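**Q** One structure, pasted below without further comment.
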Amino acid sequence: MNPSSAVVASRDQALSFFNNPFSQAHSFPFANFKNGSFVVPINTQTRKPKPNTLFTASKRFQAITACLVERNPPAKALRQILELPGIRQGPACFDGLSAKLVERAGFQYCFTSGFSISAARLGLPDTGFISYGEMVDQGQQITQAVSIPVIGDGDDGYGNAMNVKRTVKGYIRAGFAGMILEDQVSPKACGHTKGRKVVSREEAVMRIKAAVDARKETGSDIVIVARTDSRQALSLEESLWRSRAFADAGADVLFIDALASKEEMKAFCEVSPLVPKMANMLEGGGKTPILNPLELEEIGYKLVAYPLSLIGVSIRAMQDSLTALKGGRIPPPGSMPSFEEIKEILGFNNYYEEEKRYATSTYNLYSDRDGSRDPFSGIWSRTLRIRITGRDGFEKLDVRIPAGFLEGITNIVPALGGVNIKELLDDAAEEVGGKLLLDFNDTVGDRIQVFLE
């Protein structure tokens with residue numbers, strides 16, 4: 001086998017080989033890799049390896065060498081997805097964290113949403129405020145955060161055909177596997193909002209030709225998704241004509257935004273049948289009917305984007321949390337991950353493991369990253385129960401909060417302001433099961449009890 005043909009499922013798995021090259025704990029069968037990708041062991045002998053052969057230390061370095069020679073380019077990975085049977089779902093992210101969550105959820109690829117990036121980065125509507133430079137910068141942070149291919153929102157190319165070429169080349173350098181280009185006039189805006197206008201047929205087609213030329217000039221294979229907003233701006237017939245022209249110009253995927261019915265979606269999928277089609281399921285009330293993936297596949301779609309799910313639920317979660325904080329409460333434990341879960345998502349644990357490789361004896365004297373000497377480090381996994389019983393015997397409060405939110409406790413019970421709860425938690429952190437930390441009467445005679453659960 002040619003070493004350059006070996007494929008690695010993810011960067012984390014490849015790094016695990018480097019960190020512990022001789023550890024038998026990292027021997028595993030092919031099936032353990034996610035998304036169907038795998039590392040192929042290189043056999044220098046004449047006989048063929050048996051099926052499901054486990055990796056050994058002698059072969060592991062050969063596999064590492066192979067993956068270093070050639071890592072599957074993002075565009076190639078996306079084209080492989082397009083060749084797979086069935087429809088492929090892609091949520092839209094807006095920063096490195098949201099992209100990480102998409103990958104951790106098991107999706108094979110994702111989109112970037114200009115709508116969401118404009119909201120998250122600028123706090124402004126998607127009406128042409130965000131610039132090419134800001135989108136490239138945000139895109140680079142996103143593509144570097146994940147190993148799955150990312151389709152970038154290229155808006156209208158940020159100018160004429162020459163600007164489109166610069167945009168394509170910039171998106172290629174940023175690590176995008178694909179990019180969406182549309183035919184709106186500048187300033188462009190969300191396709192489901194009012195007042196959409198598009199450029200002429202000739203200019204729209206020329207944008208796609210310029211993008212194809214830029215791809216050839218760079219030697220890249222970036223996937224070009226040609227979008228038209230002419231359905232709402234002009235007519236269904238015009239949007240179908242432009243889609244055919246985009247396919248003839250070299251577009252890899254076709255996309256008509258804001259189609260108004262299932263019948264219109266079917267008509268679109270009959271255009272240039274050999275070119276994959278993309279659907280946009282605008283959550284919360286767009287112009288296009290919301291169909292499930294099986295329905296979309298039956299119509300003829302290959303890709304489906306969900307542009308607002310992540311930014312929408314993020315906005316609502318932040319609003320709910322701020323309402324709670326303003327009312328003197330903290331968000332309930334079930335509404336947010338624990339501190340340990342947050343650290344795992346962000347990669348703290350992987351960082352600490354790799355950091356140990358470079359630790360010096362002096363460093364070890366002053367640092368204990370695994371937290372084994374700090375009983376308070378695991379306190380986020382515990383819960384504090386605060387119960388207040390009035391002088392009349394009726395219960396006034398019975399609430400549970402994460403034990404790590406010490407500063408928020410005094411907002412709930414001001415009488416606890418002078419109590420060193422952290423010291424009490426330090427003493428009780430190693431104990432299994434519940435423990436009564438405090439039991440006293442405040443100045444008005446209410447009984448206050450604090451339990452560690």
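All residue names refer to the structure tokens as shown: chains lettered A, B, ... in order, residues numbered from 1 in each chain, ligands numbered from 1 in order.
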Among range 222-268 of chain A, which ones does DSSP place in helix (DSSP H, G or I), written as number ranges by chain?
**A** A: 230-233, 236-249, 262-268
**Q** Provide the CA of Lys302 in chain A to CA of Arg201 in chain A distance in Å, to one decimal place.
**A**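 CA of Arg201 in chain A lies at a distance of 25.4 Å from CA of Lys302 in chain A.
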**Q** Would you list the contacts of Pro402 in chain A as a VMD selection string, taking every protein, DNA or RNA residue within 12 Å and counting only C-alpha atoms, but skipping same-chain residues closer than 6 positions in sequence?
**A** chain A and resid 330 to 340 378 to 386 408 to 409 451 to 453
**Q** Would you save the residues of that selection, restricted to N, CA and C atoms, as a compact mmCIF listing (two decimals), in the first residue's frame?
**A**
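out_8.txt was written with the following content:
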# COMPACT_ATOMS: atom_id res chain seq x y z
N ILE A 330 -29.23 31.98 40.25
CA ILE A 330 -28.32 31.51 39.22
C ILE A 330 -29.07 30.51 38.36
N PRO A 331 -28.59 30.27 37.14
CA PRO A 331 -29.28 29.30 36.28
C PRO A 331 -29.35 27.94 36.96
N PRO A 332 -30.47 27.23 36.88
CA PRO A 332 -30.58 25.92 37.52
C PRO A 332 -29.55 24.95 36.95
N PRO A 333 -29.08 23.98 37.74
CA PRO A 333 -28.03 23.06 37.28
C PRO A 333 -28.37 22.34 35.98
N GLY A 334 -29.61 21.98 35.77
CA GLY A 334 -29.97 21.26 34.57
C GLY A 334 -29.90 22.08 33.29
N SER A 335 -29.78 23.41 33.43
CA SER A 335 -29.77 24.28 32.25
C SER A 335 -28.37 24.52 31.70
N MET A 336 -27.35 24.00 32.37
CA MET A 336 -25.99 24.22 31.91
C MET A 336 -25.12 23.03 32.28
N PRO A 337 -24.05 22.78 31.53
CA PRO A 337 -23.15 21.68 31.88
C PRO A 337 -22.36 22.01 33.13
N SER A 338 -21.86 20.97 33.79
CA SER A 338 -21.01 21.19 34.94
C SER A 338 -19.67 21.77 34.49
N PHE A 339 -18.91 22.29 35.45
CA PHE A 339 -17.61 22.84 35.13
C PHE A 339 -16.70 21.78 34.53
N GLU A 340 -16.79 20.54 35.04
CA GLU A 340 -15.98 19.45 34.50
C GLU A 340 -16.34 19.17 33.05
N GLY A 378 -12.88 19.04 42.48
CA GLY A 378 -13.99 18.25 41.98
C GLY A 378 -15.33 18.66 42.55
N ILE A 379 -15.38 19.82 43.22
CA ILE A 379 -16.59 20.21 43.92
C ILE A 379 -17.71 20.58 42.96
N TRP A 380 -17.36 20.87 41.68
CA TRP A 380 -18.39 21.22 40.71
C TRP A 380 -19.32 20.06 40.42
N SER A 381 -18.89 18.87 40.72
CA SER A 381 -19.75 17.71 40.50
C SER A 381 -20.73 17.50 41.64
N ARG A 382 -20.60 18.29 42.73
CA ARG A 382 -21.47 18.17 43.89
C ARG A 382 -22.53 19.27 43.87
N THR A 383 -23.55 19.09 44.69
CA THR A 383 -24.67 20.03 44.73
C THR A 383 -24.89 20.51 46.15
N LEU A 384 -25.15 21.81 46.27
CA LEU A 384 -25.53 22.39 47.56
C LEU A 384 -27.05 22.53 47.61
N ARG A 385 -27.60 22.08 48.73
CA ARG A 385 -29.04 22.26 48.96
C ARG A 385 -29.22 23.28 50.07
N ILE A 386 -29.98 24.32 49.79
CA ILE A 386 -30.23 25.37 50.78
C ILE A 386 -31.71 25.34 51.14
N GLY A 408 -22.69 33.05 44.20
CA GLY A 408 -24.11 33.24 43.99
C GLY A 408 -24.96 32.91 45.21
N ILE A 409 -24.36 32.23 46.20
CA ILE A 409 -25.14 31.80 47.36
C ILE A 409 -25.64 32.99 48.15
N PHE A 451 -26.88 21.85 52.95
CA PHE A 451 -26.44 20.45 52.82
C PHE A 451 -25.51 20.33 51.60
N LEU A 452 -24.51 19.47 51.69
CA LEU A 452 -23.70 19.08 50.55
C LEU A 452 -24.17 17.70 50.09
N GLU A 453 -24.68 17.63 48.88
CA GLU A 453 -25.23 16.37 48.36
C GLU A 453 -24.26 15.68 47.42
**Q** Output as JSON lines one row per residue of range 111-180 of chain A within 6 Å of range 213-234 of chain A: the closest atom pair and its distance in Å to one decimal place, counting only C-alpha atoms, sorted by chain and residue number ascending.
**A**
{"residue": "A:Lys165", "atom": "CA", "partner": "A:Ala214", "partner_atom": "CA", "distance": 5.1}
{"residue": "A:Ala177", "atom": "CA", "partner": "A:Ile222", "partner_atom": "CA", "distance": 5.4}
{"residue": "A:Gly178", "atom": "CA", "partner": "A:Val223", "partner_atom": "CA", "distance": 4.2}
{"residue": "A:Met179", "atom": "CA", "partner": "A:Ile224", "partner_atom": "CA", "distance": 5.5}
{"residue": "A:Ile180", "atom": "CA", "partner": "A:Val225", "partner_atom": "CA", "distance": 4.6}
**Q** Hey, can you check how far CA of Glu423 in chain A sits from CA of Asp442 in chain A?
**A** 20.4 Å
**Q** In Å, how far is it from CA of Glu297 in chain A to CA of Gly139 in chain A?
**A**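 Pair CA of Glu297 in chain A / CA of Gly139 in chain A returns 28.6 Å.
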**Q** Could you go through range 173-364 of chain A and tell me which residues DSSP, when run on the backbone, assigns to strand (DSSP E or B), listing them as a list in words?
**A**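 After running DSSP on the backbone, range 173-364 of chain A has strand (DSSP E or B) at Gly178, Met179, Ile180, Leu181, Gln184, Val198, Val223, Ile224, Val225, Ala226, Arg227, Thr228, Val253, Leu254, Phe255, Ile256, Lys277, Met278, Ala279, Asn280, Leu303, Val304, Ala305 and Tyr306 of chain A.
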**Q** Print the selection's residues with N, CA and C atoms to a file, as an mmCIF file, in the first residue's frame.
**A**
data_model
loop_
_atom_site.group_PDB
_atom_site.id
_atom_site.type_symbol
_atom_site.label_atom_id
_atom_site.label_comp_id
_atom_site.auth_asym_id
_atom_site.auth_seq_id
_atom_site.Cartn_x
_atom_site.Cartn_y
_atom_site.Cartn_z
ATOM 1 N N GLY A 178 -15.566 24.074 1.331
ATOM 2 C CA GLY A 178 -16.484 24.570 0.323
ATOM 3 C C GLY A 178 -16.903 25.984 0.666
ATOM 4 N N MET A 179 -17.567 26.644 -0.270
ATOM 5 C CA MET A 179 -18.061 27.988 0.011
ATOM 6 C C MET A 179 -19.307 28.263 -0.821
ATOM 7 N N ILE A 180 -20.183 29.075 -0.238
ATOM 8 C CA ILE A 180 -21.437 29.454 -0.893
ATOM 9 C C ILE A 180 -21.279 30.850 -1.469
ATOM 10 N N LEU A 181 -21.625 31.011 -2.739
ATOM 11 C CA LEU A 181 -21.616 32.313 -3.400
ATOM 12 C C LEU A 181 -23.010 32.604 -3.927
ATOM 13 N N GLN A 184 -26.910 38.151 -4.925
ATOM 14 C CA GLN A 184 -27.542 39.376 -4.445
ATOM 15 C C GLN A 184 -26.699 40.597 -4.793
ATOM 16 N N VAL A 198 -31.266 41.111 -6.815
ATOM 17 C CA VAL A 198 -30.174 40.320 -7.370
ATOM 18 C C VAL A 198 -29.550 41.053 -8.555
ATOM 19 N N VAL A 223 -15.158 23.089 -2.931
ATOM 20 C CA VAL A 223 -16.502 22.858 -3.469
ATOM 21 C C VAL A 223 -17.234 24.196 -3.567
ATOM 22 N N ILE A 224 -17.707 24.523 -4.746
ATOM 23 C CA ILE A 224 -18.407 25.790 -4.976
ATOM 24 C C ILE A 224 -19.910 25.543 -4.966
ATOM 25 N N VAL A 225 -20.574 26.155 -4.006
ATOM 26 C CA VAL A 225 -22.029 26.068 -3.882
ATOM 27 C C VAL A 225 -22.618 27.358 -4.442
ATOM 28 N N ALA A 226 -23.313 27.267 -5.549
ATOM 29 C CA ALA A 226 -23.877 28.449 -6.215
ATOM 30 C C ALA A 226 -25.303 28.679 -5.738
ATOM 31 N N ARG A 227 -25.511 29.829 -5.134
ATOM 32 C CA ARG A 227 -26.826 30.171 -4.567
ATOM 33 C C ARG A 227 -27.453 31.307 -5.365
ATOM 34 N N THR A 228 -28.743 31.204 -5.601
ATOM 35 C CA THR A 228 -29.485 32.316 -6.181
ATOM 36 C C THR A 228 -30.623 32.716 -5.251
ATOM 37 N N VAL A 253 -22.444 22.419 -6.442
ATOM 38 C CA VAL A 253 -23.711 22.228 -5.729
ATOM 39 C C VAL A 253 -24.596 23.428 -6.052
ATOM 40 N N LEU A 254 -25.897 23.201 -6.204
ATOM 41 C CA LEU A 254 -26.845 24.268 -6.512
ATOM 42 C C LEU A 254 -27.754 24.522 -5.319
ATOM 43 N N PHE A 255 -28.159 25.799 -5.151
ATOM 44 C CA PHE A 255 -28.948 26.190 -3.979
ATOM 45 C C PHE A 255 -29.824 27.376 -4.355
ATOM 46 N N ILE A 256 -31.140 27.177 -4.309
ATOM 47 C CA ILE A 256 -32.094 28.287 -4.442
ATOM 48 C C ILE A 256 -32.636 28.581 -3.056
ATOM 49 N N LYS A 277 -28.024 19.082 -4.920
ATOM 50 C CA LYS A 277 -28.823 20.231 -4.507
ATOM 51 C C LYS A 277 -28.746 20.412 -2.980
ATOM 52 N N MET A 278 -28.814 21.655 -2.563
ATOM 53 C CA MET A 278 -28.775 21.992 -1.143
ATOM 54 C C MET A 278 -30.094 22.633 -0.728
ATOM 55 N N ALA A 279 -30.604 22.210 0.441
ATOM 56 C CA ALA A 279 -31.816 22.799 1.021
ATOM 57 C C ALA A 279 -31.446 23.617 2.245
ATOM 58 N N ASN A 280 -32.238 24.632 2.519
ATOM 59 C CA ASN A 280 -32.012 25.511 3.668
ATOM 60 C C ASN A 280 -33.258 25.503 4.538
ATOM 61 N N LEU A 303 -27.694 17.887 0.347
ATOM 62 C CA LEU A 303 -27.257 18.580 1.551
ATOM 63 C C LEU A 303 -28.420 19.378 2.132
ATOM 64 N N VAL A 304 -28.451 19.477 3.453
ATOM 65 C CA VAL A 304 -29.449 20.319 4.108
ATOM 66 C C VAL A 304 -28.773 21.102 5.224
ATOM 67 N N ALA A 305 -29.002 22.409 5.237
ATOM 68 C CA ALA A 305 -28.419 23.304 6.244
ATOM 69 C C ALA A 305 -29.489 23.719 7.243
ATOM 70 N N TYR A 306 -29.044 23.852 8.487
ATOM 71 C CA TYR A 306 -29.902 24.356 9.569
ATOM 72 C C TYR A 306 -29.229 25.610 10.113
#
**Q** So that each row is one residue of range 150-224 of chain A with an atom at most 9 Å from range 110-125 of chain A, can you give its shortest atom pair and the distance in Å to one decimal, using only C-alpha atoms, rows by chain and rising number, as JSON lines?
**A**
{"residue": "A:Val150", "atom": "CA", "partner": "A:Cys110", "partner_atom": "CA", "distance": 5.1}
{"residue": "A:Ile151", "atom": "CA", "partner": "A:Phe111", "partner_atom": "CA", "distance": 4.6}
{"residue": "A:Gly152", "atom": "CA", "partner": "A:Thr112", "partner_atom": "CA", "distance": 5.0}
{"residue": "A:Asp153", "atom": "CA", "partner": "A:Thr112", "partner_atom": "CA", "distance": 5.7}
{"residue": "A:Gly154", "atom": "CA", "partner": "A:Gly114", "partner_atom": "CA", "distance": 8.1}
{"residue": "A:Asp155", "atom": "CA", "partner": "A:Gly114", "partner_atom": "CA", "distance": 7.3}
{"residue": "A:Gly178", "atom": "CA", "partner": "A:Phe111", "partner_atom": "CA", "distance": 8.9}
{"residue": "A:Met179", "atom": "CA", "partner": "A:Phe111", "partner_atom": "CA", "distance": 8.7}
{"residue": "A:Ala189", "atom": "CA", "partner": "A:Phe115", "partner_atom": "CA", "distance": 8.3}
{"residue": "A:Cys190", "atom": "CA", "partner": "A:Phe115", "partner_atom": "CA", "distance": 6.8}
**Q** For the residues in that selection, give me N, CA and C atoms as a CSV table (one decimal), in the first residue's frame.
**A**
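Written file, out-v7.csv:
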chain,number,residue,atom,x,y,z
A,150,VAL,N,-15.7,22.1,6.5
A,150,VAL,CA,-16.6,23.3,6.8
A,150,VAL,C,-16.9,24.0,5.5
A,151,ILE,N,-18.2,24.3,5.2
A,151,ILE,CA,-18.6,25.1,4.1
A,151,ILE,C,-18.8,26.5,4.5
A,152,GLY,N,-18.1,27.4,4.0
A,152,GLY,CA,-18.1,28.8,4.4
A,152,GLY,C,-19.2,29.6,3.6
A,153,ASP,N,-19.7,30.6,4.3
A,153,ASP,CA,-20.7,31.5,3.7
A,153,ASP,C,-19.9,32.6,3.1
A,154,GLY,N,-19.8,32.6,1.7
A,154,GLY,CA,-19.1,33.7,1.0
A,154,GLY,C,-19.9,34.9,0.6
A,155,ASP,N,-21.1,34.9,1.0
A,155,ASP,CA,-22.0,36.0,0.7
A,155,ASP,C,-22.0,36.3,-0.8
A,178,GLY,N,-15.6,24.1,1.3
A,178,GLY,CA,-16.5,24.6,0.3
A,178,GLY,C,-16.9,26.0,0.7
A,179,MET,N,-17.6,26.6,-0.3
A,179,MET,CA,-18.1,28.0,0.0
A,179,MET,C,-19.3,28.3,-0.8
A,189,ALA,N,-28.2,40.6,2.2
A,189,ALA,CA,-28.9,40.3,3.4
A,189,ALA,C,-29.5,38.9,3.4
A,190,CYS,N,-30.0,38.5,4.6
A,190,CYS,CA,-30.6,37.2,4.7
A,190,CYS,C,-31.7,37.0,3.6
**Q** Identify, on the basis of only C-alpha atoms, every residue whose closest approach to Lys100 in chain A does not exceed 8 Å; exclude the query and any residue fewer than 4 positions from it along the same chain; express the result as a VMD selection string.
**A** chain A and resid 96 104 145 to 146 345
**Q** Which is closest to Arg329 in chain A among A:Ala77, A:Ile448, A:Val399, A:Ile130, if we use only C-alpha atoms?
**A**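 Closest to Arg329 in chain A of all the choices is A:Val399.
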**Q** List the neighbours of Arg447 in chain A out to 9 Å using only C-alpha atoms; skip same-chain residues closer than 6 positions along the sequence, and give me the result as a PyMOL selection string.
**A** chain A and resi 387-391+439-441
**Q** So which one's closest to Asp252 in chain A, A:Gln144, A:Ser272, A:Thr323, A:Ser239? Using only C-alpha atoms, please.
**A**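 Among A:Gln144, A:Ser272, A:Thr323, A:Ser239, it is A:Ser272 that comes nearest to Asp252 in chain A.
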**Q** From the options A:Glu134, A:Glu353, A:Glu237, A:Asp426, which residue's atoms come nearest to Gly170 in chain A, counting only C-alpha atoms?
**A**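 Using only C-alpha atoms, the shortest distance to Gly170 in chain A belongs to A:Glu134.
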